[in-house]
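Trainee: For reference, this is structure_21.txt, and it has compact mmCIF, C-alpha atoms.
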```txt
# COMPACT_ATOMS: atom_id res chain seq x y z
CA MET W 830 0.00 0.00 0.00
CA LYS W 831 2.90 2.28 0.79
CA THR W 832 4.33 1.62 -2.69
CA GLN W 833 0.98 2.45 -4.31
CA SER W 834 0.72 5.69 -2.32
CA LYS W 835 4.21 6.63 -3.46
CA LEU W 836 3.27 5.96 -7.08
CA TYR W 837 0.09 8.04 -6.81
CA PHE W 838 2.12 10.87 -5.28
CA TYR W 839 4.58 10.95 -8.20
CA ILE W 840 1.75 10.68 -10.74
CA THR W 841 -0.08 13.60 -9.08
CA ILE W 842 3.03 15.80 -9.07
CA SER W 843 3.75 14.95 -12.71
CA ALA W 844 0.12 15.65 -13.71
CA ILE W 845 0.19 19.06 -11.98
CA LEU W 846 3.43 19.91 -13.81
CA LEU W 847 1.84 18.85 -17.10
CA VAL W 848 -1.18 21.12 -16.51
CA ILE W 849 1.12 24.08 -15.71
CA ILE W 850 3.11 23.51 -18.91
CA ALA W 851 -0.13 23.17 -20.92
CA VAL W 852 -1.40 26.54 -19.62
CA TRP W 853 1.94 28.15 -20.45
CA SER W 854 1.92 26.58 -23.91
CA LEU W 855 -1.64 27.81 -24.55
CA ASN W 856 -0.51 31.38 -23.86
CA THR W 857 2.62 31.09 -26.01
CA GLY W 858 2.45 32.47 -29.53
CA VAL W 859 2.55 35.60 -31.67
CA TYR W 860 -1.21 36.02 -32.04
CA ASP W 861 -2.67 38.97 -30.08
CA PHE W 862 -5.99 38.36 -28.32
CA GLY W 863 -6.54 42.07 -27.67
CA GLY W 864 -5.38 42.19 -24.07
CA LYS W 865 -7.01 38.89 -23.07
CA SER W 866 -5.10 35.75 -22.16
CA ALA W 867 -5.51 32.64 -24.27
CA PHE W 868 -6.87 30.87 -21.20
CA GLU W 869 -9.70 33.43 -20.90
CA VAL W 870 -10.51 33.00 -24.58
CA LEU W 871 -10.56 29.21 -24.16
CA GLY W 872 -13.06 29.61 -21.32
CA LYS W 873 -15.33 31.61 -23.63
CA VAL W 874 -14.99 28.94 -26.34
CA ILE W 875 -16.06 26.23 -23.89
CA LYS W 876 -18.99 28.34 -22.67
CA GLY W 877 -20.04 29.05 -26.26
CA ASP W 878 -19.78 32.85 -25.99
CA PRO W 879 -21.49 34.24 -29.13
CA GLY W 880 -19.47 37.48 -28.91
CA LEU W 881 -16.14 35.71 -29.43
CA SER W 882 -14.45 36.47 -32.75
CA LEU W 883 -13.94 33.56 -35.15
CA SER W 884 -10.20 34.22 -35.42
CA ASP W 885 -9.74 34.11 -31.62
CA LYS W 886 -11.74 30.89 -31.44
CA TYR W 887 -9.79 29.32 -34.31
CA VAL W 888 -6.35 30.15 -32.86
CA VAL W 889 -7.16 28.99 -29.34
CA TRP W 890 -9.31 25.94 -30.07
CA ASP W 891 -8.35 24.61 -33.50
CA VAL W 892 -4.66 25.51 -33.44
CA ARG W 893 -3.21 25.75 -29.93
CA ALA W 894 -5.53 23.53 -27.86
CA ALA W 895 -5.63 20.80 -30.53
CA ARG W 896 -1.85 20.90 -30.82
CA ILE W 897 -1.35 20.73 -27.04
CA ILE W 898 -3.62 17.69 -26.78
CA MET W 899 -1.82 15.99 -29.68
CA ALA W 900 1.57 16.64 -28.01
CA ILE W 901 0.25 15.11 -24.78
CA LEU W 902 -1.15 12.02 -26.53
CA ILE W 903 1.80 11.35 -28.86
CA GLY W 904 4.45 12.07 -26.22
CA SER W 905 2.72 9.70 -23.83
CA MET W 906 2.42 6.85 -26.34
CA LEU W 907 5.99 7.19 -27.64
CA ALA W 908 7.38 7.08 -24.09
CA VAL W 909 5.25 4.10 -23.05
CA SER W 910 6.08 2.17 -26.24
CA GLY W 911 9.81 2.70 -25.61
CA THR W 912 9.46 1.68 -21.96
CA GLY W 913 7.55 -1.48 -22.85
CA LEU W 914 10.07 -2.54 -25.51
CA GLN W 915 13.03 -1.87 -23.23
CA GLY W 916 11.47 -3.95 -20.49
CA LEU W 917 10.71 -6.78 -22.92
CA PHE W 918 14.17 -6.81 -24.52
CA LYS W 919 16.02 -5.94 -21.29
CA ASN W 920 17.84 -3.36 -23.41
CA PRO W 921 17.82 0.40 -22.65
CA LEU W 922 18.34 1.19 -26.35
CA ALA W 923 15.22 -0.64 -27.55
CA THR W 924 12.64 1.65 -29.15
CA GLY W 925 10.24 1.48 -32.08
CA ASP W 926 13.15 2.57 -34.27
CA LEU W 927 15.19 -0.48 -33.29
CA ILE W 928 12.69 -3.12 -34.39
CA GLY W 929 11.92 -1.39 -37.68
CA LEU W 930 8.52 0.16 -36.90
CA THR W 931 9.56 3.75 -37.61
CA SER W 932 11.49 2.74 -40.72
CA GLY W 933 8.47 0.90 -42.16
CA ALA W 934 6.18 3.83 -41.42
CA THR W 935 8.63 6.30 -42.98
CA LEU W 936 9.08 4.15 -46.10
CA LEU W 937 5.38 3.89 -46.93
CA ALA W 938 4.88 7.57 -46.11
CA ALA W 939 7.69 8.42 -48.55
CA ILE W 940 6.10 6.21 -51.22
CA ALA W 941 2.77 8.02 -50.70
CA ILE W 942 4.45 11.44 -50.96
CA VAL W 943 6.63 10.73 -54.01
CA LEU W 944 4.53 8.24 -55.96
CA GLY W 945 1.04 9.01 -54.61
CA GLY W 946 0.24 11.33 -57.51
CA HIS W 947 0.21 8.36 -59.90
CA PHE W 948 -2.57 6.46 -58.10
CA LYS W 949 -4.20 8.92 -55.70
CA GLN W 950 -7.05 9.76 -58.07
CA TYR W 951 -8.23 6.13 -58.05
CA LEU W 952 -8.71 6.15 -54.26
CA PRO W 953 -11.77 7.35 -52.28
CA GLU W 954 -11.69 11.03 -51.40
CA ALA W 955 -11.41 10.34 -47.66
CA VAL W 956 -8.33 8.18 -48.29
CA GLN W 957 -6.78 10.78 -50.60
CA PHE W 958 -7.00 13.41 -47.87
CA SER W 959 -5.01 11.34 -45.35
CA LEU W 960 -3.05 9.07 -47.68
CA VAL W 961 0.35 9.72 -46.08
CA GLY W 962 -0.93 9.04 -42.56
CA ILE W 963 -2.69 5.83 -43.61
CA ALA W 964 0.42 4.67 -45.49
CA ALA W 965 2.61 5.33 -42.44
CA PHE W 966 0.34 3.30 -40.19
CA ILE W 967 0.24 0.40 -42.66
CA GLY W 968 4.04 0.55 -42.97
CA SER W 969 4.52 0.29 -39.22
CA PHE W 970 2.07 -2.60 -38.98
CA LEU W 971 3.64 -4.52 -41.90
CA SER W 972 7.10 -4.05 -40.38
CA MET W 973 5.84 -5.48 -37.11
CA LEU W 974 4.33 -8.51 -38.89
CA LEU W 975 7.54 -9.14 -40.84
CA VAL W 976 9.78 -8.84 -37.78
CA TYR W 977 7.49 -11.09 -35.78
CA ARG W 978 7.23 -13.75 -38.51
CA ILE W 979 11.01 -13.93 -39.03
CA SER W 980 11.85 -14.02 -35.32
CA THR W 981 9.15 -16.53 -34.31
CA SER W 982 9.60 -20.27 -34.68
CA GLY W 983 7.55 -23.04 -33.10
CA GLY W 984 5.34 -20.52 -31.32
CA LYS W 985 8.33 -18.91 -29.54
CA THR W 986 9.81 -15.50 -30.30
CA ASN W 987 13.59 -15.09 -30.22
CA VAL W 988 14.28 -11.59 -28.86
CA VAL W 989 17.82 -11.38 -30.28
CA MET W 990 16.54 -12.44 -33.70
CA MET W 991 13.83 -9.80 -33.45
CA LEU W 992 16.37 -7.04 -32.77
CA LEU W 993 18.60 -8.17 -35.64
CA THR W 994 15.63 -8.39 -38.00
CA GLY W 995 14.60 -4.89 -36.96
CA VAL W 996 18.08 -3.57 -37.78
CA ALA W 997 17.94 -5.22 -41.23
CA ILE W 998 14.47 -3.87 -42.00
CA THR W 999 15.54 -0.40 -40.86
CA ALA W 1000 18.54 -0.50 -43.22
CA ILE W 1001 16.40 -1.64 -46.15
CA GLY W 1002 13.64 0.86 -45.40
CA PHE W 1003 15.95 3.86 -45.15
CA SER W 1004 17.87 2.84 -48.28
CA ILE W 1005 14.64 2.77 -50.33
CA THR W 1006 13.51 6.02 -48.70
CA GLY W 1007 16.87 7.53 -49.69
CA PHE W 1008 16.27 6.51 -53.31
CA LEU W 1009 12.81 8.09 -53.22
CA ILE W 1010 14.34 11.29 -51.85
CA TYR W 1011 16.84 11.21 -54.72
CA ILE W 1012 14.13 11.00 -57.42
CA SER W 1013 11.66 13.35 -55.71
CA LYS W 1014 10.72 16.80 -56.99
CA ASP W 1015 11.34 19.97 -54.99
CA ASP W 1016 7.91 20.12 -53.36
CA GLN W 1017 8.02 16.38 -52.59
CA LEU W 1018 11.51 16.75 -51.14
CA ARG W 1019 10.27 19.51 -48.84
CA ASP W 1020 7.36 17.35 -47.65
CA LEU W 1021 9.70 14.40 -47.05
CA THR W 1022 12.13 16.57 -45.10
CA PHE W 1023 9.43 17.93 -42.80
CA TRP W 1024 7.98 14.43 -42.41
CA ASN W 1025 11.34 13.02 -41.34
CA LEU W 1026 11.91 15.88 -38.89
CA GLY W 1027 8.43 15.59 -37.32
CA SER W 1028 5.81 18.24 -36.61
CA LEU W 1029 2.53 18.70 -34.72
CA ALA W 1030 1.40 21.59 -36.95
CA ALA W 1031 -1.27 19.43 -38.63
CA ALA W 1032 -3.06 18.69 -35.34
CA THR W 1033 -6.86 18.44 -35.54
CA TRP W 1034 -9.53 17.28 -33.11
CA THR W 1035 -10.43 14.37 -35.41
CA LYS W 1036 -6.86 13.10 -35.20
CA ASN W 1037 -6.87 13.61 -31.44
CA ILE W 1038 -10.01 11.49 -31.09
CA ILE W 1039 -8.37 8.66 -33.04
CA LEU W 1040 -5.19 8.94 -30.96
CA THR W 1041 -7.23 8.93 -27.76
CA VAL W 1042 -9.00 5.71 -28.76
CA VAL W 1043 -5.64 4.09 -29.58
CA LEU W 1044 -4.17 5.31 -26.28
CA VAL W 1045 -7.05 4.02 -24.15
CA ILE W 1046 -7.05 0.58 -25.79
CA SER W 1047 -3.26 0.32 -25.58
CA TYR W 1048 -2.99 1.43 -21.96
CA ILE W 1049 -5.74 -0.91 -20.76
CA ILE W 1050 -3.59 -3.77 -22.04
CA LEU W 1051 -0.07 -2.44 -21.44
CA LEU W 1052 0.00 -0.43 -18.21
CA PRO W 1053 -0.89 -3.39 -15.94
CA LYS W 1054 2.17 -5.27 -17.28
CA GLY W 1055 4.61 -3.64 -14.84
CA LYS W 1056 4.94 -6.69 -12.57
CA ALA W 1057 5.29 -9.01 -15.59
CA LEU W 1058 8.12 -6.86 -16.99
CA ASN W 1059 9.79 -6.86 -13.57
CA ALA W 1060 9.67 -10.66 -13.70
CA MET W 1061 11.13 -10.62 -17.23
CA MET W 1062 14.21 -8.85 -15.84
CA LEU W 1063 15.05 -12.15 -14.10
CA GLY W 1064 15.03 -14.02 -17.42
CA GLU W 1065 12.32 -15.77 -19.42
CA LYS W 1066 12.59 -19.11 -17.60
CA ASP W 1067 12.34 -17.49 -14.16
CA ALA W 1068 9.40 -15.38 -15.36
CA GLN W 1069 7.60 -18.54 -16.52
CA HIS W 1070 8.20 -20.15 -13.12
CA LEU W 1071 6.55 -17.09 -11.55
CA GLY W 1072 3.43 -17.71 -13.65
CA ILE W 1073 4.07 -15.23 -16.48
CA ASN W 1074 2.93 -16.32 -19.94
CA VAL W 1075 6.08 -15.05 -21.66
CA GLU W 1076 5.03 -15.64 -25.27
CA ARG W 1077 1.66 -13.98 -24.75
CA LEU W 1078 3.39 -11.02 -23.09
CA LYS W 1079 5.76 -10.64 -26.06
CA LYS W 1080 2.89 -10.70 -28.55
CA GLN W 1081 0.87 -8.14 -26.60
CA ILE W 1082 3.74 -5.68 -26.17
CA ILE W 1083 4.88 -5.96 -29.80
CA ILE W 1084 1.38 -5.54 -31.28
CA ILE W 1085 0.42 -2.68 -28.95
CA THR W 1086 3.74 -0.93 -29.57
CA ALA W 1087 3.25 -1.21 -33.34
CA LEU W 1088 -0.26 0.24 -32.96
CA MET W 1089 0.97 3.19 -30.88
CA VAL W 1090 4.09 3.98 -32.93
CA GLY W 1091 2.21 3.60 -36.23
CA SER W 1092 -0.55 5.96 -35.07
CA CYS W 1093 1.95 8.56 -33.81
CA VAL W 1094 4.10 8.51 -36.97
CA ALA W 1095 0.95 8.66 -39.12
CA PHE W 1096 -0.11 11.98 -37.58
CA SER W 1097 3.16 13.68 -36.63
CA GLY W 1098 5.92 12.25 -38.80
CA THR W 1099 9.11 10.89 -37.28
CA ILE W 1100 9.74 12.18 -33.75
CA GLY W 1101 12.69 10.31 -32.31
CA PHE W 1102 14.24 9.73 -28.89
CA VAL W 1103 11.13 10.31 -26.73
CA GLY W 1104 10.95 6.55 -26.09
CA LEU W 1105 14.63 6.59 -25.16
CA ILE W 1106 14.86 9.71 -22.98
CA ILE W 1107 11.94 9.12 -20.61
CA PRO W 1108 12.64 5.47 -19.63
CA TYR W 1109 16.32 6.34 -19.10
CA ILE W 1110 15.52 9.20 -16.71
CA LEU W 1111 12.89 7.17 -14.84
CA ARG W 1112 15.28 4.22 -14.46
CA LEU W 1113 17.78 6.55 -12.80
CA LEU W 1114 15.08 7.45 -10.27
CA PHE W 1115 13.29 4.12 -9.80
CA LYS W 1116 15.88 1.56 -10.99
CA SER W 1117 14.07 -0.99 -13.17
CA ASN W 1118 10.75 -1.11 -11.33
CA TYR W 1119 8.33 -1.13 -14.25
CA SER W 1120 5.35 -0.88 -11.92
CA PHE W 1121 6.53 2.71 -11.44
CA ILE W 1122 8.20 3.36 -14.78
CA LEU W 1123 5.29 2.38 -17.07
CA PRO W 1124 2.56 4.65 -15.62
CA LEU W 1125 4.98 7.52 -14.97
CA SER W 1126 6.38 7.35 -18.51
CA ALA W 1127 2.84 7.97 -19.79
CA ILE W 1128 2.79 11.41 -18.11
CA CYS W 1129 6.49 12.28 -18.41
CA GLY W 1130 6.44 11.58 -22.15
CA SER W 1131 3.62 14.12 -22.49
CA ILE W 1132 5.63 16.67 -20.48
CA LEU W 1133 8.72 16.20 -22.64
CA LEU W 1134 6.97 16.46 -26.01
CA LEU W 1135 4.77 19.38 -24.95
CA LEU W 1136 7.86 21.27 -23.76
CA ALA W 1137 9.70 20.47 -26.99
CA ASP W 1138 6.73 21.54 -29.13
CA THR W 1139 6.22 24.80 -27.23
CA PHE W 1140 9.89 25.69 -27.68
CA SER W 1141 9.82 24.62 -31.35
CA ARG W 1142 7.11 27.16 -32.18
CA SER W 1143 8.48 29.97 -30.01
CA ILE W 1144 12.26 29.91 -30.59
CA VAL W 1145 12.08 31.26 -34.16
CA GLU W 1146 8.69 33.05 -34.12
CA PRO W 1147 6.70 33.37 -36.31
CA SER W 1148 8.31 30.37 -38.03
CA GLU W 1149 8.45 26.90 -36.52
CA LEU W 1150 11.45 24.69 -35.80
CA PRO W 1151 10.74 21.00 -36.57
CA ILE W 1152 10.17 19.24 -33.26
CA GLY W 1153 12.32 16.26 -34.26
CA ILE W 1154 15.38 18.51 -34.19
CA LEU W 1155 14.80 19.38 -30.52
CA THR W 1156 14.07 15.82 -29.41
CA ALA W 1157 17.22 14.65 -31.24
CA LEU W 1158 19.27 17.35 -29.50
CA MET W 1159 17.95 16.12 -26.14
CA GLY W 1160 18.19 12.45 -26.99
CA GLY W 1161 21.66 12.41 -28.53
CA PRO W 1162 23.57 13.13 -25.28
CA ILE W 1163 21.43 10.59 -23.40
CA PHE W 1164 22.15 7.98 -26.07
CA ILE W 1165 25.89 8.64 -25.61
CA ALA W 1166 25.49 8.44 -21.81
CA ILE W 1167 23.86 5.01 -22.14
CA LEU W 1168 26.69 3.81 -24.38
CA ILE W 1169 29.34 5.07 -21.93
CA LYS W 1170 27.53 3.29 -19.08
CA PHE W 1171 27.53 0.07 -21.11
CA LYS W 1172 31.23 0.49 -21.89
CA LYS W 1173 32.08 0.78 -18.17
CA SER W 1174 30.07 -2.35 -17.37
CA LEU W 1175 31.94 -4.45 -19.94
```
Using structure tokens, write down the structure that the file contains.

Mentor:
Amino acid sequence: MKTQSKLYFYITISAILLVIIAVWSLNTGVYDFGGKSAFEVLGKVIKGDPGLSLSDKYVVWDVRAARIIMAILIGSMLAVSGTGLQGLFKNPLATGDLIGLTSGATLLAAIAIVLGGHFKQYLPEAVQFSLVGIAAFIGSFLSMLLVYRISTSGGKTNVVMMLLTGVAITAIGFSITGFLIYISKDDQLRDLTFWNLGSLAAATWTKNIILTVVLVISYIILLPKGKALNAMMLGEKDAQHLGINVERLKKQIIIITALMVGSCVAFSGTIGFVGLIIPYILRLLFKSNYSFILPLSAICGSILLLLADTFSRSIVEPSELPIGILTALMGGPIFIAILIKFKKSL
């Protein structure tokens, strides 16, 4: 009970910090509300004030609020997916990038951007509108299926084989993406560049609803797995002796991770290192207790991405710095720190 109280305390503190950052982010921007704060305008939007100007409503509700919610949802899912994979593989470098999910999503998104003009007109209008996002999700899911098929034999999944397969798929995916970049036109090259750097500028409430559904389904399955992942730290055989269905756990984490990463990449492009930074920091604080790390990563991932997004749109106002640049700047030093730690342990 004491452990649960401690967890609730940390979750409450993190949630309060997230709300404070969200309020700050809502009030950050170049648009002038005529002496009013963005928070006051948001209150009028919620109340349905008929005297509110359409431009004020659009900026607060459809631009800033939608973007803040998307940052919270995507940051949370990227952090949890990284935490789950690292617990499963017992490897602090394991993320969706490592098992090929991001590469597969990027490849199909690149195909849709560069070659989509040749077949887009034959697709339904709803699909044409979100072709790149749909392609990215399908790419992530197909990568997951391929990795899982290659690394599974006799109903058992070989984790080392899965990691190696992910590396191979990543290499193939990025090589084909590189070729598509080479043959792309100027406007396609610009779209590909922004896609690879990541952005939340295209946030909408429809996308947020989809992300929320994915998040709720994923967390119902994944967040209670903290004790099972703690058992996995002892080794697969010991985990089985403790009553953990190891193969079922692997399948659940891999499928849910593919669902989360695919959804995030589909709506925001490639945003790296969130799934690496948050678990690393939380492990420093709570060792490898996934009963703490999993639920806390859900909130801390939101904090990190919301901070990064707020800075990305305020550093070079009125322009916007791609959010992937900031997360890479934060994640690079942590990646090096992990490698140095591994070197000392050898």

Trainee: Using only C-alpha atoms, which residues sit within 8 Å of Leu1040 of chain W once same-chain residues fewer than 2 positions away are excluded, as JSON, numbers by chain?

Mentor: {"W": [899, 902, 903, 1036, 1037, 1038, 1042, 1043, 1044, 1092, 1093]}

Trainee: Based on the selection just made, write C-alpha atoms of those residues as a PDB file, in the coordinates of the input.

Mentor:
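Saved the output as result-v4.pdb:
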```pdb
ATOM      1  CA  MET W 899      -1.820  15.990 -29.680  1.00  0.00           C
ATOM      2  CA  LEU W 902      -1.150  12.020 -26.530  1.00  0.00           C
ATOM      3  CA  ILE W 903       1.800  11.350 -28.860  1.00  0.00           C
ATOM      4  CA  LYS W1036      -6.860  13.100 -35.200  1.00  0.00           C
ATOM      5  CA  ASN W1037      -6.870  13.610 -31.440  1.00  0.00           C
ATOM      6  CA  ILE W1038     -10.010  11.490 -31.090  1.00  0.00           C
ATOM      7  CA  VAL W1042      -9.000   5.710 -28.760  1.00  0.00           C
ATOM      8  CA  VAL W1043      -5.640   4.090 -29.580  1.00  0.00           C
ATOM      9  CA  LEU W1044      -4.170   5.310 -26.280  1.00  0.00           C
ATOM     10  CA  SER W1092      -0.550   5.960 -35.070  1.00  0.00           C
ATOM     11  CA  CYS W1093       1.950   8.560 -33.810  1.00  0.00           C
TER      12      CYS W1093
END
```

Trainee: Is it possible to get the residues within 10 Å of (18.1, 3.7, -22.6) (coordinates as in the file, counting all atoms listed in the file) written as a list in words?

Mentor: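 Nearby residues: Gly911, Thr912, Gln915, Lys919, Asn920, Pro921, Leu922, Ala923, Thr924, Phe1102, Gly1104, Leu1105, Ile1106, Ile1107, Pro1108, Tyr1109, Ile1110, Leu1111, Arg1112, Gly1160, Ile1163, Phe1164, Ile1165, Ala1166, Ile1167 and Leu1168 of chain W.
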
Trainee: Which residues are close to Glu1149 of chain W, i.e. within 10 Å by only C-alpha atoms, leaving aside same-chain residues fewer than 6 positions away? Reply as a list of chain:residue names.

Mentor: W:Ser1028, W:Ala1030, W:Asp1138, W:Thr1139, W:Phe1140, W:Ser1141, W:Arg1142, W:Ser1143

Trainee: So that I can check the surroundings of Ile1152 of chain W, please list as a VMD selection string every protein, DNA and RNA residue that reaches within 12 Å of it, counting all atoms listed in the file and ignoring chain neighbours fewer than 5 positions away.

Mentor: chain W and resid 900 904 1023 to 1030 1097 to 1103 1133 to 1144 1157 to 1159

Trainee: So, counting only C-alpha atoms, which residue among W:Gly945, W:Leu1088, W:Phe1121, W:Val909 is closest to Ser834 of chain W?

Mentor: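 Under the stated criterion, the closest residue is W:Phe1121.
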